>>> print(open('start-v2.txt').read())   # compact mmCIF, C-alpha atoms
# COMPACT_ATOMS: atom_id res chain seq x y z
CA MET A 1 -11.66 46.56 -41.44
CA SER A 2 -8.13 47.77 -42.23
CA LEU A 3 -5.32 45.37 -43.07
CA THR A 4 -3.72 46.21 -39.72
CA ASP A 5 -6.89 45.28 -37.85
CA GLN A 6 -7.16 42.06 -39.85
CA ILE A 7 -3.56 41.17 -38.99
CA LYS A 8 -4.17 41.73 -35.29
CA ALA A 9 -7.36 39.69 -35.33
CA GLU A 10 -5.60 36.82 -37.10
CA ALA A 11 -2.67 36.94 -34.67
CA ARG A 12 -5.09 36.59 -31.76
CA ARG A 13 -6.90 33.77 -33.53
CA LEU A 14 -3.56 32.00 -33.84
CA GLY A 15 -3.14 32.16 -30.06
CA PHE A 16 -1.03 35.25 -29.49
CA GLU A 17 -2.40 37.13 -26.48
CA ARG A 18 -0.57 40.34 -27.35
CA VAL A 19 0.15 42.03 -30.67
CA GLY A 20 1.52 45.49 -31.37
CA ILE A 21 2.92 47.09 -34.53
CA VAL A 22 5.64 49.74 -34.80
CA PRO A 23 7.62 51.27 -37.68
CA ALA A 24 11.01 49.67 -38.40
CA GLY A 25 14.07 51.70 -37.50
CA PRO A 26 17.14 51.75 -35.27
CA ALA A 27 17.29 49.95 -31.95
CA LEU A 28 17.32 52.69 -29.30
CA THR A 29 18.97 50.52 -26.63
CA HIS A 30 21.76 49.22 -28.83
CA GLY A 31 24.38 51.32 -27.04
CA TYR A 32 23.46 49.61 -23.78
CA TYR A 33 23.76 46.23 -25.49
CA ARG A 34 27.27 47.05 -26.72
CA ASP A 35 28.28 48.19 -23.23
CA TRP A 36 26.84 44.99 -21.75
CA LEU A 37 28.95 42.93 -24.14
CA ALA A 38 32.04 45.00 -23.39
CA GLU A 39 31.69 44.24 -19.68
CA GLY A 40 31.91 40.53 -20.47
CA TYR A 41 28.41 39.82 -19.19
CA ALA A 42 27.69 37.52 -22.15
CA GLY A 43 30.16 34.95 -20.88
CA GLU A 44 30.92 32.31 -23.49
CA MET A 45 27.92 33.18 -25.68
CA ALA A 46 30.02 34.30 -28.65
CA TYR A 47 26.98 34.43 -30.91
CA LEU A 48 25.75 37.48 -29.00
CA HIS A 49 28.83 39.37 -30.14
CA ARG A 50 28.20 38.27 -33.74
CA HIS A 51 24.64 39.58 -33.39
CA ALA A 52 25.77 43.07 -32.36
CA VAL A 53 25.85 44.61 -35.85
CA PRO A 54 22.50 43.30 -37.19
CA LYS A 55 20.80 44.13 -33.88
CA ALA A 56 21.50 47.84 -34.40
CA HIS A 57 18.60 48.29 -36.83
CA ALA A 58 15.52 46.34 -37.87
CA THR A 59 16.92 46.19 -41.40
CA GLY A 60 19.69 44.00 -40.04
CA LEU A 61 17.14 41.20 -40.03
CA LEU A 62 15.16 42.23 -43.13
CA SER A 63 16.76 44.81 -45.42
CA SER A 64 13.40 46.04 -46.74
CA ALA A 65 11.69 46.15 -43.31
CA ARG A 66 9.19 48.96 -42.81
CA SER A 67 7.02 47.52 -40.04
CA VAL A 68 7.64 45.27 -37.03
CA ILE A 69 4.76 43.14 -35.78
CA CYS A 70 5.50 42.21 -32.16
CA LEU A 71 3.74 39.24 -30.59
CA ALA A 72 3.59 37.58 -27.18
CA LEU A 73 2.25 34.19 -26.13
CA ASN A 74 1.67 33.11 -22.53
CA TYR A 75 3.45 29.88 -21.63
CA ARG A 76 2.73 29.66 -17.91
CA PRO A 77 1.78 26.00 -17.34
CA PRO A 78 -0.40 24.82 -14.47
CA GLU A 79 1.41 23.07 -11.66
CA PRO A 80 1.56 19.40 -12.73
CA ALA A 81 -0.09 16.65 -10.75
CA GLY A 82 2.27 15.34 -8.14
CA ASN A 83 4.22 18.59 -7.98
CA ALA A 84 4.56 18.15 -4.21
CA ALA A 85 7.52 15.98 -5.16
CA ALA A 86 9.38 19.21 -5.99
CA GLY A 87 10.32 19.48 -2.35
CA ALA A 88 11.36 15.86 -2.02
CA ALA A 89 14.97 14.80 -1.87
CA LEU A 90 16.77 13.80 -5.06
CA ARG A 91 14.50 15.67 -7.45
CA GLY A 92 15.57 18.55 -9.65
CA ARG A 93 13.71 21.52 -11.08
CA VAL A 94 13.29 22.59 -14.70
CA SER A 95 12.32 26.10 -15.80
CA ARG A 96 8.64 26.29 -16.73
CA TYR A 97 9.29 27.22 -20.34
CA ALA A 98 10.89 23.80 -20.87
CA TRP A 99 8.08 21.66 -19.47
CA GLY A 100 6.58 21.14 -22.91
CA GLY A 101 7.80 20.91 -26.49
CA ASP A 102 10.26 23.25 -28.16
CA TYR A 103 8.54 26.63 -28.36
CA HIS A 104 10.65 27.66 -31.36
CA ASP A 105 8.84 25.12 -33.54
CA LEU A 106 5.39 26.28 -32.46
CA LEU A 107 6.14 30.00 -32.76
CA HIS A 108 7.79 29.72 -36.17
CA GLU A 109 4.81 27.70 -37.44
CA ARG A 110 2.41 30.40 -36.17
CA LEU A 111 4.53 33.14 -37.75
CA GLU A 112 4.41 31.35 -41.11
CA ARG A 113 0.64 31.09 -40.91
CA LEU A 114 0.37 34.77 -40.04
CA ALA A 115 2.70 35.68 -42.90
CA ALA A 116 0.61 33.63 -45.35
CA PHE A 117 -2.53 35.41 -44.12
CA ILE A 118 -0.91 38.81 -44.65
CA GLU A 119 0.25 37.96 -48.16
CA THR A 120 -3.23 36.75 -49.11
CA HIS A 121 -4.95 39.87 -47.79
CA ALA A 122 -2.31 42.33 -48.98
CA GLY A 123 -3.01 41.28 -52.56
CA GLY A 124 0.56 40.69 -53.66
CA THR A 125 4.05 39.58 -52.73
CA VAL A 126 5.10 40.64 -49.24
CA HIS A 127 8.70 40.51 -48.13
CA ARG A 128 8.81 39.34 -44.55
CA ARG A 129 10.91 37.52 -41.99
CA GLY A 130 9.91 35.94 -38.70
CA ALA A 131 12.04 35.95 -35.59
CA VAL A 132 12.04 34.20 -32.25
CA ASP A 133 14.61 34.68 -29.48
CA SER A 134 17.55 33.11 -31.33
CA ALA A 135 17.49 35.76 -34.09
CA PRO A 136 19.73 38.87 -34.02
CA PHE A 137 16.99 41.24 -32.94
CA MET A 138 16.47 43.41 -29.85
CA GLU A 139 13.12 41.75 -29.19
CA ARG A 140 12.39 43.12 -25.73
CA GLU A 141 12.98 46.71 -26.79
CA TRP A 142 10.72 46.31 -29.81
CA ALA A 143 8.05 44.64 -27.66
CA VAL A 144 8.15 47.60 -25.26
CA ARG A 145 7.88 50.07 -28.11
CA ALA A 146 4.87 48.12 -29.42
CA GLY A 147 3.12 48.40 -26.04
CA LEU A 148 3.48 44.77 -24.94
CA GLY A 149 4.91 45.65 -21.51
CA TRP A 150 8.09 46.96 -19.93
CA VAL A 151 11.52 45.52 -19.17
CA GLY A 152 11.74 44.74 -15.47
CA LYS A 153 14.75 44.87 -13.20
CA ASN A 154 15.41 41.21 -14.00
CA ALA A 155 15.74 42.21 -17.70
CA MET A 156 12.58 40.32 -18.67
CA LEU A 157 9.55 41.72 -20.45
CA ILE A 158 6.59 42.07 -18.07
CA ASP A 159 3.00 42.57 -19.20
CA TRP A 160 0.59 44.30 -16.81
CA GLU A 161 -1.90 41.43 -16.97
CA LEU A 162 0.07 38.42 -18.20
CA GLY A 163 3.24 38.91 -16.17
CA SER A 164 6.55 37.66 -17.54
CA TYR A 165 5.91 34.03 -18.49
CA LEU A 166 5.85 35.07 -22.15
CA PHE A 167 7.37 33.87 -25.39
CA LEU A 168 8.10 36.75 -27.75
CA ALA A 169 8.06 36.62 -31.54
CA GLU A 170 8.28 39.17 -34.33
CA LEU A 171 7.28 39.37 -37.96
CA LEU A 172 9.08 42.01 -40.01
CA THR A 173 7.50 43.11 -43.27
CA ASP A 174 7.97 45.69 -46.03
CA LEU A 175 4.33 46.79 -45.67
CA VAL A 176 3.44 50.14 -44.14
CA LEU A 177 0.79 49.51 -41.48
CA ASP A 178 -1.04 51.44 -38.77
CA TYR A 179 1.20 51.81 -35.73
CA ASP A 180 0.53 51.52 -32.00
CA GLU A 181 1.42 54.09 -29.40
CA PRO A 182 2.63 52.44 -26.16
CA PRO A 183 1.70 53.99 -22.80
CA ALA A 184 4.02 56.87 -21.94
CA ALA A 185 5.59 57.32 -18.53
CA PRO A 186 3.70 59.76 -16.29
CA ARG A 187 5.28 63.20 -16.47
CA SER A 188 5.99 63.23 -12.75
CA ALA A 189 7.60 59.80 -12.79
CA GLY A 190 11.34 59.55 -12.86
CA ARG A 191 13.38 56.40 -13.14
CA GLU A 192 13.71 54.66 -9.79
CA PRO A 193 17.16 54.86 -8.20
CA ARG A 194 19.38 52.06 -9.44
CA ARG A 195 19.80 49.08 -7.17
CA ASP A 196 23.40 48.23 -7.92
CA ARG A 197 25.14 45.34 -6.17
CA GLY A 198 28.52 46.76 -7.07
CA ALA A 199 27.71 50.10 -5.46
CA GLU A 200 26.44 48.38 -2.31
CA ASN A 201 29.69 46.47 -1.98
CA GLY A 202 31.96 49.45 -2.55
CA GLY A 203 32.74 48.70 -6.18
CA GLY A 204 32.29 45.81 -8.58
CA ALA A 205 29.66 45.83 -11.30
CA PRO A 206 29.42 49.15 -13.14
CA ALA A 207 26.04 50.81 -13.64
CA LEU A 208 25.51 50.64 -17.40
CA ALA A 209 23.53 53.46 -18.96
CA VAL A 210 20.03 52.11 -19.74
CA ALA A 211 18.27 54.07 -22.49
CA ASP A 212 15.11 55.73 -21.20
CA LEU A 213 12.41 55.16 -23.81
CA GLY A 214 10.04 57.50 -22.00
CA LEU A 215 7.47 54.72 -21.67
CA ARG A 216 5.53 53.40 -18.71
CA GLU A 217 7.36 51.07 -16.33
CA SER A 218 5.86 49.46 -13.24
CA CYS A 219 8.59 47.91 -11.10
CA GLY A 220 8.64 50.94 -8.80
CA SER A 221 10.90 50.48 -5.79
CA CYS A 222 10.48 46.69 -5.74
CA THR A 223 13.75 44.73 -5.68
CA ALA A 224 12.31 41.24 -5.11
CA CYS A 225 14.07 39.71 -8.11
CA ILE A 226 17.42 41.27 -7.21
CA ASP A 227 17.18 40.13 -3.60
CA ALA A 228 16.06 36.57 -4.42
CA CYS A 229 18.60 35.65 -7.11
CA PRO A 230 20.59 32.75 -5.59
CA THR A 231 23.80 33.64 -7.43
CA GLU A 232 23.43 37.45 -7.35
CA ALA A 233 23.33 37.59 -11.14
CA ILE A 234 21.15 40.72 -11.35
CA VAL A 235 23.90 43.26 -10.81
CA ALA A 236 21.86 46.41 -11.56
CA ASP A 237 18.55 47.59 -13.00
CA LYS A 238 17.86 45.57 -16.16
CA THR A 239 21.42 44.25 -16.02
CA VAL A 240 22.12 40.52 -15.68
CA ASP A 241 25.63 39.13 -15.53
CA ALA A 242 25.02 35.95 -17.49
CA ARG A 243 28.18 34.40 -16.08
CA ARG A 244 26.41 34.16 -12.72
CA CYS A 245 22.90 33.39 -14.00
CA ILE A 246 21.66 29.86 -13.29
CA SER A 247 20.02 29.68 -16.72
CA TYR A 248 23.37 30.41 -18.37
CA LEU A 249 25.26 28.05 -16.07
CA THR A 250 22.90 25.13 -16.70
CA ILE A 251 22.26 25.69 -20.42
CA GLU A 252 24.85 27.82 -22.23
CA LEU A 253 28.03 27.05 -20.28
CA LYS A 254 29.72 24.01 -21.78
CA GLY A 255 32.46 23.32 -19.23
CA PRO A 256 32.32 22.86 -15.46
CA ILE A 257 30.13 25.18 -13.42
CA PRO A 258 32.44 27.44 -11.36
CA ALA A 259 32.84 25.96 -7.89
CA ASP A 260 31.83 29.13 -6.05
CA LEU A 261 28.46 29.16 -7.85
CA ARG A 262 27.52 25.50 -7.50
CA GLU A 263 25.70 25.78 -4.19
CA GLY A 264 23.68 28.69 -5.56
CA VAL A 265 22.48 26.52 -8.44
CA GLY A 266 20.57 24.47 -5.87
CA ASP A 267 18.28 21.88 -7.47
CA TRP A 268 17.90 23.66 -10.82
CA ILE A 269 19.02 21.35 -13.62
CA PHE A 270 17.78 23.35 -16.62
CA GLY A 271 17.17 27.06 -16.41
CA CYS A 272 15.79 28.94 -13.42
CA ASP A 273 12.51 30.71 -12.55
CA VAL A 274 13.44 32.35 -9.24
CA CYS A 275 13.30 35.96 -10.45
CA GLN A 276 9.90 35.29 -12.01
CA GLU A 277 8.52 33.32 -9.08
CA VAL A 278 9.10 36.23 -6.68
CA CYS A 279 7.83 38.93 -9.05
CA PRO A 280 4.57 40.47 -7.73
CA TRP A 281 3.32 40.84 -11.31
CA ASN A 282 3.24 37.04 -11.64
CA ARG A 283 1.07 36.35 -8.60
CA HIS A 284 -2.27 36.19 -10.39
CA THR A 285 -1.42 35.64 -14.04
CA PRO A 286 -3.49 33.24 -16.15
CA GLU A 287 -2.32 29.81 -17.22
CA THR A 288 -1.42 29.11 -20.82
CA ARG A 289 -4.05 27.93 -23.29
CA GLU A 290 -1.46 26.02 -25.33
CA ALA A 291 -1.51 22.27 -24.80
CA ALA A 292 2.05 22.05 -26.16
CA PHE A 293 3.37 23.89 -23.08
CA LEU A 294 1.67 21.79 -20.42
CA GLY A 295 3.97 19.87 -18.12
CA ASN A 296 4.03 16.85 -15.89
CA SER A 297 6.03 15.81 -12.85
CA SER A 298 8.58 13.82 -14.85
CA ARG A 299 9.42 16.94 -16.85
CA ALA A 300 9.02 19.61 -14.16
CA VAL A 301 10.65 17.85 -11.19
CA PRO A 302 12.49 14.80 -12.55
CA ALA A 303 14.17 12.20 -10.37
CA LEU A 304 17.90 12.98 -10.34
CA PRO A 305 19.33 9.42 -10.05
CA GLU A 306 17.19 8.43 -13.03
CA LEU A 307 18.57 11.28 -15.14
CA LEU A 308 22.15 10.57 -14.13
CA ALA A 309 21.76 7.03 -15.47
CA LEU A 310 20.71 8.15 -18.97
CA ASP A 311 22.90 7.02 -21.84
CA GLU A 312 22.99 8.92 -25.14
CA SER A 313 20.10 7.02 -26.69
CA GLY A 314 18.02 7.43 -23.55
CA PHE A 315 18.67 11.17 -23.55
CA ARG A 316 17.66 11.44 -27.22
CA GLU A 317 14.48 9.47 -26.69
CA ARG A 318 13.41 11.52 -23.69
CA PHE A 319 14.40 15.04 -24.69
CA ARG A 320 14.57 15.37 -28.48
CA GLY A 321 12.09 18.03 -29.57
CA THR A 322 12.18 19.81 -26.20
CA PRO A 323 14.15 22.85 -25.03
CA ILE A 324 16.29 20.56 -22.83
CA TRP A 325 17.85 19.18 -26.02
CA ARG A 326 19.96 22.36 -26.18
CA THR A 327 22.11 21.45 -23.20
CA ARG A 328 22.90 18.00 -24.61
CA ARG A 329 23.40 14.94 -22.43
CA ARG A 330 26.72 16.04 -20.99
CA GLY A 331 25.32 19.35 -19.81
CA LEU A 332 22.18 17.86 -18.30
CA LEU A 333 24.11 15.15 -16.44
CA ARG A 334 26.64 17.71 -15.20
CA ASN A 335 23.74 19.76 -13.82
CA THR A 336 22.12 16.67 -12.34
CA ALA A 337 25.28 15.75 -10.47
CA ILE A 338 25.56 19.28 -9.06
CA ALA A 339 21.92 19.14 -7.91
CA LEU A 340 22.54 15.78 -6.24
CA GLY A 341 25.49 17.29 -4.41
CA ASN A 342 23.35 20.18 -3.23
CA ALA A 343 20.78 17.73 -1.89
CA ALA A 344 23.30 16.29 0.57
CA PRO A 345 22.57 18.55 3.58
CA THR A 346 18.91 17.53 3.72
CA ALA A 347 19.12 13.97 2.36
CA THR A 348 17.75 11.15 4.48
CA PRO A 349 20.10 8.19 5.06
CA ALA A 350 18.28 6.18 2.40
CA SER A 351 18.41 9.05 -0.10
CA ALA A 352 22.10 9.57 0.61
CA VAL A 353 22.82 5.93 -0.19
CA THR A 354 20.93 6.24 -3.48
CA ALA A 355 22.70 9.48 -4.39
CA ILE A 356 26.16 8.18 -3.58
CA GLY A 357 25.53 5.07 -5.67
CA ALA A 358 24.38 7.11 -8.67
CA LEU A 359 27.29 9.53 -8.37
CA ALA A 360 29.86 6.75 -7.97
CA THR A 361 28.58 5.19 -11.19
CA ALA A 362 28.80 8.59 -12.91
CA LEU A 363 32.52 8.68 -12.10
CA GLY A 364 32.81 6.20 -14.97
CA ASP A 365 30.96 8.40 -17.48
CA ALA A 366 32.61 9.04 -20.84
CA GLU A 367 32.34 12.83 -20.35
CA PRO A 368 34.97 14.45 -18.11
CA VAL A 369 32.62 17.31 -17.21
CA VAL A 370 30.13 14.77 -15.82
CA ARG A 371 32.82 12.89 -13.89
CA GLY A 372 34.14 16.13 -12.40
CA ALA A 373 30.68 17.23 -11.24
CA ALA A 374 30.05 13.77 -9.77
CA ALA A 375 33.32 13.98 -7.84
CA TRP A 376 32.36 17.35 -6.38
CA ALA A 377 28.96 16.03 -5.38
CA LEU A 378 30.41 12.95 -3.68
CA GLY A 379 32.61 15.22 -1.61
CA ARG A 380 29.44 16.83 -0.27
CA TYR A 381 28.24 13.51 1.13
CA GLY A 382 31.37 11.97 2.56
CA GLY A 383 31.40 8.61 4.26
CA THR A 384 33.22 5.42 3.38
CA ALA A 385 31.45 4.67 0.10
CA ALA A 386 31.85 8.18 -1.28
CA ARG A 387 35.49 8.45 -0.24
CA GLU A 388 36.34 5.06 -1.74
CA ALA A 389 34.74 6.07 -5.04
CA LEU A 390 36.70 9.33 -5.03
CA ALA A 391 39.96 7.57 -4.21
CA GLY A 392 39.36 5.20 -7.09
CA ALA A 393 38.76 8.09 -9.48
CA LEU A 394 41.88 9.86 -8.25
CA ALA A 395 43.91 6.71 -8.90
CA THR A 396 42.52 5.81 -12.32
CA ASP A 397 41.07 8.88 -14.07
CA THR A 398 43.56 10.39 -16.52
CA ASP A 399 41.78 13.72 -17.00
CA PRO A 400 43.60 16.45 -15.02
CA ALA A 401 40.42 18.39 -14.28
CA VAL A 402 38.66 15.31 -12.92
CA GLN A 403 41.70 14.44 -10.82
CA ALA A 404 41.70 17.94 -9.38
CA GLU A 405 38.00 17.71 -8.54
CA ALA A 406 38.47 14.31 -6.88
CA LYS A 407 41.41 15.58 -4.82
CA LEU A 408 39.47 18.63 -3.61
CA ALA A 409 36.41 16.49 -2.89
CA LEU A 410 38.42 14.04 -0.81
CA ALA A 411 39.94 16.87 1.17
CA ALA A 412 36.52 18.41 1.81
CA SER A 413 34.46 15.29 2.50
CA PRO A 414 33.83 14.13 6.08
CA ALA A 415 35.00 10.65 6.98
CA SER A 416 31.50 9.67 8.06
CA GLY A 417 28.58 10.65 5.86
CA GLY A 418 24.92 11.25 6.39
CA PRO A 419 22.55 14.18 6.71
CA GLY A 420 24.15 17.23 8.30
CA ALA A 421 27.68 15.90 7.87
CA VAL A 422 28.41 17.96 4.77
CA THR A 423 31.37 20.30 4.49
CA PRO A 424 30.79 22.93 1.77
CA HIS A 425 33.25 22.56 -1.07
CA ARG A 426 34.42 25.93 -2.38
CA GLY A 427 37.38 25.17 -4.60
CA ALA A 428 38.60 27.28 -7.51
CA ALA A 429 36.78 27.16 -10.83
CA LEU A 430 38.16 24.36 -12.96
CA VAL A 431 38.17 24.20 -16.73
CA ASP A 432 37.41 21.05 -18.69
>>> encode(input="start-v2.txt", output="structure tokens")
Amino acid sequence: MSLTDQIKAEARRLGFERVGIVPAGPALTHGYYRDWLAEGYAGEMAYLHRHAVPKAHATGLLSSARSVICLALNYRPPEPAGNAAAGAALRGRVSRYAWGGDYHDLLHERLERLAAFIETHAGGTVHRRGAVDSAPFMEREWAVRAGLGWVGKNAMLIDWELGSYLFLAELLTDLVLDYDEPPAAPRSAGREPRRDRGAENGGGAPALAVADLGLRESCGSCTACIDACPTEAIVADKTVDARRCISYLTIELKGPIPADLREGVGDWIFGCDVCQEVCPWNRHTPETREAAFLGNSSRAVPALPELLALDESGFRERFRGTPIWRTRRRGLLRNTAIALGNAAPTATPASAVTAIGALATALGDAEPVVRGAAAWALGRYGGTAAREALAGALATDTDPAVQAEAKLALAASPASGGPGAVTPHRGAALVD
């Protein structure tokens, strides 16, 4: 058995469902990446601009790189027991990848074990470097070139059998290995016409030039992900405006969520799975074999009032070592308040009372971004209790952004609250 075959067998033994190996070289889609950054689609993610130079070539991550081992691991968890509560009032939703522990820890540990195996069987020192999604590496392009799937219209890697609920990882090495040849596009197949929101609306988002790798793609004419996105973040084929993406808004954005996007966030409090949930390629995909990624109702569809009451120590105890740690307490509670506000139109009288009480208490939070989100949410409920809480915040809160939110919420809130008495609040985006 060749060293390449041994590496692939070991990768599968370690739990990776997909493994492909390609020679190191330049990133063929780097021009598209630079154009995407230039359009401002990265939002406040400044690190993506810093990654631009090393992402241009595999040697940006490992100077002696000669081979790239691309790996994929299925994380799709089974629906947790009690998941019917997902449709109940005052519960939020968390993206499936965050139902378990932090995948970075597991993937890096597996990469180290694979690297140790390679060094042992290569018979000498091997220069290598592992990468997961936080590294400056064009991981989806390399995965496509290694035959692991194609990049769909929602800009996610999709495997023909496993779908898109995949964690990607790479191991770069200075070894020369046997390389895979990914499936080429049929000669008669041309790229599907672009579905461009900007073009449909007579302008707006430009159609960035996506490099054609000449490889098989299988989205066809389907636009399910584009049509279903609640905030219209997929502006063109393979092009996501992160500034509108719910995952960006609930995880990466540090300040207030823009007011015109809050309703679109719905009940998502960490990430979003909408574009994957509607994808036909995910209808019959297998569940993960990794126990570390299994979820439960308290993680998948947590109770919103309970989250909004978390202090710093409670947040650390509940979420340290999970992906949700990234958003920190202030971000999670901001998202929770927005989700509570979005629950107002369908809340029962009892649920509305509970929500208003939790939000009124949050008006006293130490974080202005939490207080501002709570004010907006209270304006969605209205009624005496909500309006009194807002008036109190307007009179006592010294933060200008919170005062502005409270003023707008008071103006928008109906005098008598209850289900169906909500007036949508569409104020201007406010900055913390």
>>> atom_distance(input="start-v2.txt", atom1="atom CA of Cys272 of chain A", atom2="atom CA of Ile226 of chain A")
13.9 Å
>>> closest_residue(input="start-v2.txt", among="A:Asp397, A:Glu277, A:Glu388, A:Asp212", to="Ala415 of chain A", atoms="all atoms listed in the file")
A:Glu388
>>> atom_distance(input="start-v2.txt", atom1="atom CA of Arg129 of chain A", atom2="atom CA of Leu171 of chain A")
5.7 Å
>>> closest_atom_pairs(input="start-v2.txt", of="segment 46-82 of chain A", to="segment 90-113 of chain A", cutoff="7 Å", atoms="all atoms listed in the file", output="CSV")
residue,atom,partner,partner_atom,distance
A:Tyr75,CA,A:Tyr97,CA,6.5
A:Arg76,CA,A:Arg96,CA,6.9
A:Pro77,CA,A:Arg96,CA,6.9
>>> atom_distance(input="start-v2.txt", atom1="atom CA of Pro78 of chain A", atom2="atom CA of Thr250 of chain A")
23.4 Å
>>> decode(input="start-v2.txt", residues="segment 310-321 of chain A", atoms="N, CA and C atoms", output="short mmCIF file (atom, residue, chain, number, x, y, z; two decimals), in the first residue's frame")
data_model
loop_
_atom_site.label_atom_id
_atom_site.label_comp_id
_atom_site.auth_asym_id
_atom_site.auth_seq_id
_atom_site.Cartn_x
_atom_site.Cartn_y
_atom_site.Cartn_z
N LEU A 310 -29.05 35.25 32.12
CA LEU A 310 -27.70 34.78 32.42
C LEU A 310 -26.78 35.92 32.80
N ASP A 311 -26.06 35.75 33.91
CA ASP A 311 -24.98 36.69 34.22
C ASP A 311 -23.70 36.14 33.61
N GLU A 312 -22.58 36.84 33.81
CA GLU A 312 -21.33 36.44 33.17
C GLU A 312 -20.89 35.05 33.60
N SER A 313 -20.99 34.76 34.87
CA SER A 313 -20.56 33.44 35.34
C SER A 313 -21.48 32.35 34.80
N GLY A 314 -22.76 32.64 34.72
CA GLY A 314 -23.70 31.67 34.17
C GLY A 314 -23.43 31.40 32.70
N PHE A 315 -23.09 32.45 31.96
CA PHE A 315 -22.75 32.27 30.54
C PHE A 315 -21.50 31.42 30.40
N ARG A 316 -20.48 31.69 31.21
CA ARG A 316 -19.24 30.92 31.13
C ARG A 316 -19.49 29.45 31.45
N GLU A 317 -20.26 29.20 32.48
CA GLU A 317 -20.52 27.82 32.89
C GLU A 317 -21.27 27.05 31.82
N ARG A 318 -22.18 27.71 31.14
CA ARG A 318 -23.04 27.02 30.17
C ARG A 318 -22.40 26.88 28.80
N PHE A 319 -21.57 27.85 28.40
CA PHE A 319 -21.14 27.87 27.00
C PHE A 319 -19.64 27.81 26.76
N ARG A 320 -18.82 27.82 27.81
CA ARG A 320 -17.38 27.67 27.58
C ARG A 320 -17.11 26.31 26.92
N GLY A 321 -16.24 26.31 25.92
CA GLY A 321 -15.94 25.08 25.22
C GLY A 321 -16.93 24.72 24.13
#
